[in-house]
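Below: the structure, in structure tokens.
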Amino acid sequence: MASSSAHRDIEEEFGGIMLEDEEMGGLSLAAEEEDEGFDVRWCLVGRFLNAGVIDTQEMQHMMAFLWKPGKGLYVKELGKNLFLFQFYHEIDIQRVIAGSPWTFERKQLIFHRLREGDNPRSVCLNKLDLWVQLFDLQHGFRSQSVVQSIGNYVGRFVDSDINNFSRVWREFLRVRVTVDIDQPLKRRMKISRKDNNEWFWVNFKYEQVPTFCFICGIIGHSERFCPKLFDTPLEDIEKPYGVFMRVAPRRQKNLIGAQWLRSGKVEQTSHGAGRDAAGEAATPTGAGTRPTPRHADSSSPIPETNLGRTSRDSAVTGARSVEEDPGGVQGRSGADFSGEAGTVSGVNLGRENRALMKEGG
Ligand SMILES: [Zn+2]
């Protein structure tokens, strides 16, 4: 009690002075970003398209598995469906950027590479890098500068396929672009010939594009959920966009019965056959339920780009039909870098093996 009353005395005696000190002192400061301990040199901020609640634990394990960053990965949840991905080397972050789109539970990761001064909680996340195939580009227009111009029309030009102008003839050229997911996808581009006033269309097909709306062309919702449905009479609804804008897996329809089909040869004992059947159930193609080098299924001497596509096709075979769910095929694009895919330039190819691994797991 004695100490308590003494304390009160001191308060009464010095209270005014202390109060004055509190009011006069202090510092005048501008609000600063709190140091959250991340290295802005190698950071991505991302959200998953159309995702509700994300299981952060599960997601970070899956992304680490897909990305296999040589120097490691740290994931921090910044908010609801907002994540910071800290890498520790330029190679690791470049591989992830070059390999997009990435998915977790069939939801695309929309990300942004942080720059000095960016607030990771308020950066705009509406950009997605995609490969686009350019069809019907007439002779005389198949040049790097035309590809670049078209890329900047589709979105923002990022890269051109190194095999575009190799000697192997291909029906299409490929360009990598950054598209704004708030804007309708472009279907085609009109190109006029200066020499004779004629013109032609260059048509676009998007590789591994997420679900997009056939009514408004915007990524992120299907036509059933298009806002236009609510302000347009049903008879006036048009669908100018469609599955024709998507690069379809060519072998899908042929192989979906593989799970039940037999070779016709005399097979092993029923015991062994049963086990095989069970093993293939996870992936009807049997194209690899476990991690396999991405070149494992490609012994033919076709150029690497084609190998990647071949690999992709077989992988997607295990998916449900594209028509049934426009987002289905992309869901498994969650690509990866198997050790063999080690170079940045090889990153976009053959990612489906990773997807299969995911599928199996
Ligand atoms: Zn729509």
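Ordered as shown in the structure tokens, chains take letters A, B, and onward, while each chain numbers its residues from 1 and ligands are numbered from 1 in the order shown.
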Produce as a PDB file with C-alpha atoms, in the first residue's frame the set of residues near ligand 1, where near means within 10 Å with only C-alpha atoms and all ligand atoms considered.
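Just written: result-v7.pdb:
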```pdb
ATOM      1  CA  PRO A 184     -11.875 -10.066 -74.570  1.00  0.00           C
ATOM      2  CA  PHE A 212     -13.107 -18.081 -71.219  1.00  0.00           C
ATOM      3  CA  CYS A 213     -16.577 -16.922 -72.122  1.00  0.00           C
ATOM      4  CA  PHE A 214     -17.921 -17.679 -75.580  1.00  0.00           C
ATOM      5  CA  ILE A 215     -20.267 -14.695 -75.293  1.00  0.00           C
ATOM      6  CA  CYS A 216     -17.918 -11.919 -74.231  1.00  0.00           C
ATOM      7  CA  GLY A 217     -14.505 -13.492 -74.790  1.00  0.00           C
ATOM      8  CA  ILE A 218     -13.210 -12.691 -71.329  1.00  0.00           C
ATOM      9  CA  ILE A 219     -11.109 -15.136 -69.366  1.00  0.00           C
ATOM     10  CA  GLY A 220     -12.317 -16.295 -65.991  1.00  0.00           C
ATOM     11  CA  HIS A 221     -15.936 -17.312 -66.499  1.00  0.00           C
ATOM     12  CA  SER A 222     -17.887 -19.547 -68.825  1.00  0.00           C
ATOM     13  CA  GLU A 223     -20.893 -18.475 -70.841  1.00  0.00           C
ATOM     14  CA  ARG A 224     -23.256 -19.726 -68.190  1.00  0.00           C
ATOM     15  CA  PHE A 225     -21.998 -17.057 -65.840  1.00  0.00           C
ATOM     16  CA  CYS A 226     -21.597 -14.190 -68.269  1.00  0.00           C
ATOM     17  CA  PRO A 227     -22.782 -10.824 -66.921  1.00  0.00           C
ATOM     18  CA  LYS A 228     -24.238 -10.114 -70.367  1.00  0.00           C
ATOM     19  CA  LEU A 229     -26.918 -12.738 -69.750  1.00  0.00           C
ATOM     20  CA  LYS A 239     -21.406 -16.318 -79.147  1.00  0.00           C
ATOM     21  CA  TYR A 241     -16.041 -16.763 -79.385  1.00  0.00           C
TER      22      TYR A 241
END
```
Q. What is the distance, in Å and to one decimal place, between atom CA of Lys80 of chain A and atom CA of Leu128 of chain A?
A.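 Going from atom CA of Lys80 of chain A over to atom CA of Leu128 of chain A covers 20.0 Å.
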At most 10 Å is the cut-off: for each residue in segment 51-126 of chain A with any atom that close to an atom of segment 189-211 of chain A, write down the nearest atom pair and the distance in Å rounded to one decimal, counting only C-alpha atoms, chain first then increasing number, as a tab-separated table.
```
residue	atom	partner	partner_atom	distance
A:Ser100	CA	A:Gln208	CA	9.3
A:Pro101	CA	A:Gln208	CA	7.2
A:Trp102	CA	A:Gln208	CA	9.4
A:Thr103	CA	A:Pro210	CA	9.4
A:Arg106	CA	A:Pro210	CA	8.8
A:Lys107	CA	A:Pro210	CA	8.1
A:Gln108	CA	A:Pro210	CA	6.8
```
Those same residues - C-alpha atoms - I'd like them written as a short mmCIF file (atom, residue, chain, number, x, y, z; two decimals), in the first residue's frame.
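Saved result, again11.cif, follows:
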```
data_model
loop_
_atom_site.label_atom_id
_atom_site.label_comp_id
_atom_site.auth_asym_id
_atom_site.auth_seq_id
_atom_site.Cartn_x
_atom_site.Cartn_y
_atom_site.Cartn_z
CA SER A 100 3.05 -20.03 -67.18
CA PRO A 101 0.15 -20.63 -67.15
CA TRP A 102 0.33 -22.65 -63.94
CA THR A 103 -2.57 -24.18 -62.16
CA ARG A 106 -7.36 -26.37 -62.15
CA LYS A 107 -7.29 -22.74 -61.15
CA GLN A 108 -4.85 -20.55 -63.02
#
```
Q) Which residues in segment 1-227 of chain A does DSSP call helix (DSSP H, G or I)? List them as a PyMOL selection string. A) chain A and resi 2-24+40-42+56-67+90-99+144-154+223-225+227
